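S.K.: Dropping the structure in here first, questions after.
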Amino acid sequence: MSVFFDIIHTTHYRYAQPVTLGEHRVLFRPRDSHDLRVLATDMQVTPPPVDIRLIQDVYSNSVALVQPQSPATELKVVCTFSVEHTGTRALDFPLSPRAQTFPFDYDDEERLVLAPYLTPYYDDPDGMLRTWANQFTLGQDVTGTRELLAAMTQFIRDTMQYRARFDHGVQTPYDTLRLQSGTCRDFATLMIEAIRQLGYAARFVSGYLYTPWLDSAVPTGVGSTHAWLQVYLPGAGWIPFDPTNNLIGGTDLIRVGVARHASLASPVSGSWHGFPGDFLGMEVDVRVHKRT
């Protein structure tokens, strides 16, 4: 059954005096597929752009390259989308017989294509990540491929504390284990790196999370983008796992961009030229509403 969402994503940069704005890379548009269809889009940029180019990047993400007019004292990008989401029946898809239990092997063609997602982004010289990941494989005669992932997803949600952090960047998985806390992008990165140690192919996903309390007549909260991961399972394809909320599949996760690491899926990136003290801050507001 289809669910329809309207999304408004606003990013607003402010400067103390006019600065020169370089080209900005905007990764806002939901990623179309058989289960997610973009019905309408619109983008408004302040100041008016000199040029906008729409491209697909190396990961086939839809990216807008925006060159704003400058000098200017602000840069504001407002994107609106209407989407249809049929959901991912993540726990219902049958797996290939060779992939039903852990460990399993990808075939030669899969390994060739999946190489960037199989290769750990972080070194693990002391085996900390592998040791942490191994706890989900031990003590059982047979470990189900999908059950292992579900157990790790729930474990992160149950044992680690979510802490909002507005700094750019992502914690290393070792910092997340040490602190037992992090943001959605930190939890996704931890799980990606842990299961890569076990031989799973995994990629980072940025996007939007539907939260029902924002459907009130006068929303009181300010939303933001969300992060989770996808794991490639032979026979089922790319399956979403959200360790921040213990979500697997469904319609509440609206994907936008994928990459092998969080730093490569930033919603907005670009340059400006001026004095360091000219930057007054950035505000992000994301609204995701379900149509009734």
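Residue numbering restarts at 1 in every chain; chains get A, B, ... in the order shown in the structure tokens, and ligands count up from 1 in that same order.
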As a PyMOL selection string, please: every residue in range 38-118 of chain A that a backbone DSSP assignment puts in strand (DSSP E or B).
M.R.: chain A and resi 38-46+49-56+62-68+72-85+88+101-102
S.K.: So that each row is one residue of range 67-122 of chain A with an atom at most 12 Å from range 4-20 of chain A, can you give its shortest atom pair and the distance in Å to one decimal, using only C-alpha atoms, rows by chain and rising number, as CSV?
M.R.:
residue,atom,partner,partner_atom,distance
A:Gln67,CA,A:Thr20,CA,10.7
A:Pro68,CA,A:Thr20,CA,9.2
A:Gln69,CA,A:Thr20,CA,8.4
A:Ser70,CA,A:Thr20,CA,5.3
A:Pro71,CA,A:Thr20,CA,4.6
A:Ala72,CA,A:Pro18,CA,4.4
A:Thr73,CA,A:Pro18,CA,4.5
A:Glu74,CA,A:Arg14,CA,4.5
A:Leu75,CA,A:Tyr13,CA,5.1
A:Lys76,CA,A:His12,CA,4.3
A:Val77,CA,A:Thr11,CA,5.3
A:Val78,CA,A:Thr10,CA,4.4
A:Cys79,CA,A:His9,CA,5.2
A:Thr80,CA,A:Ile8,CA,4.5
A:Phe81,CA,A:Ile7,CA,5.1
A:Ser82,CA,A:Asp6,CA,4.5
A:Val83,CA,A:Phe5,CA,5.4
A:Glu84,CA,A:Phe4,CA,4.6
A:His85,CA,A:Phe4,CA,6.2
A:Thr86,CA,A:Phe4,CA,8.8
A:Gly87,CA,A:Phe4,CA,10.9
S.K.: For each of A:Thr88, A:Thr225, A:Ser62, A:Ser266, take the minimum atom-to-atom distance to Thr251 in chain A, counting only C-alpha atoms, then give the residue where this is smallest.
M.R.: A:Thr88
S.K.: From a backbone DSSP assignment, name each residue in range 37-277 of chain A labelled alpha helix (DSSP H), as number ranges by chain.
M.R.: A: 108-118, 128-134, 145-159, 173-179, 184-197
S.K.: Report, in Å with one decimal, the straight-line distance from CA of Gln161 in chain A to CA of Pro173 in chain A.
M.R.: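 Atom-to-atom, CA of Gln161 in chain A and CA of Pro173 in chain A are spaced 14.3 Å apart.
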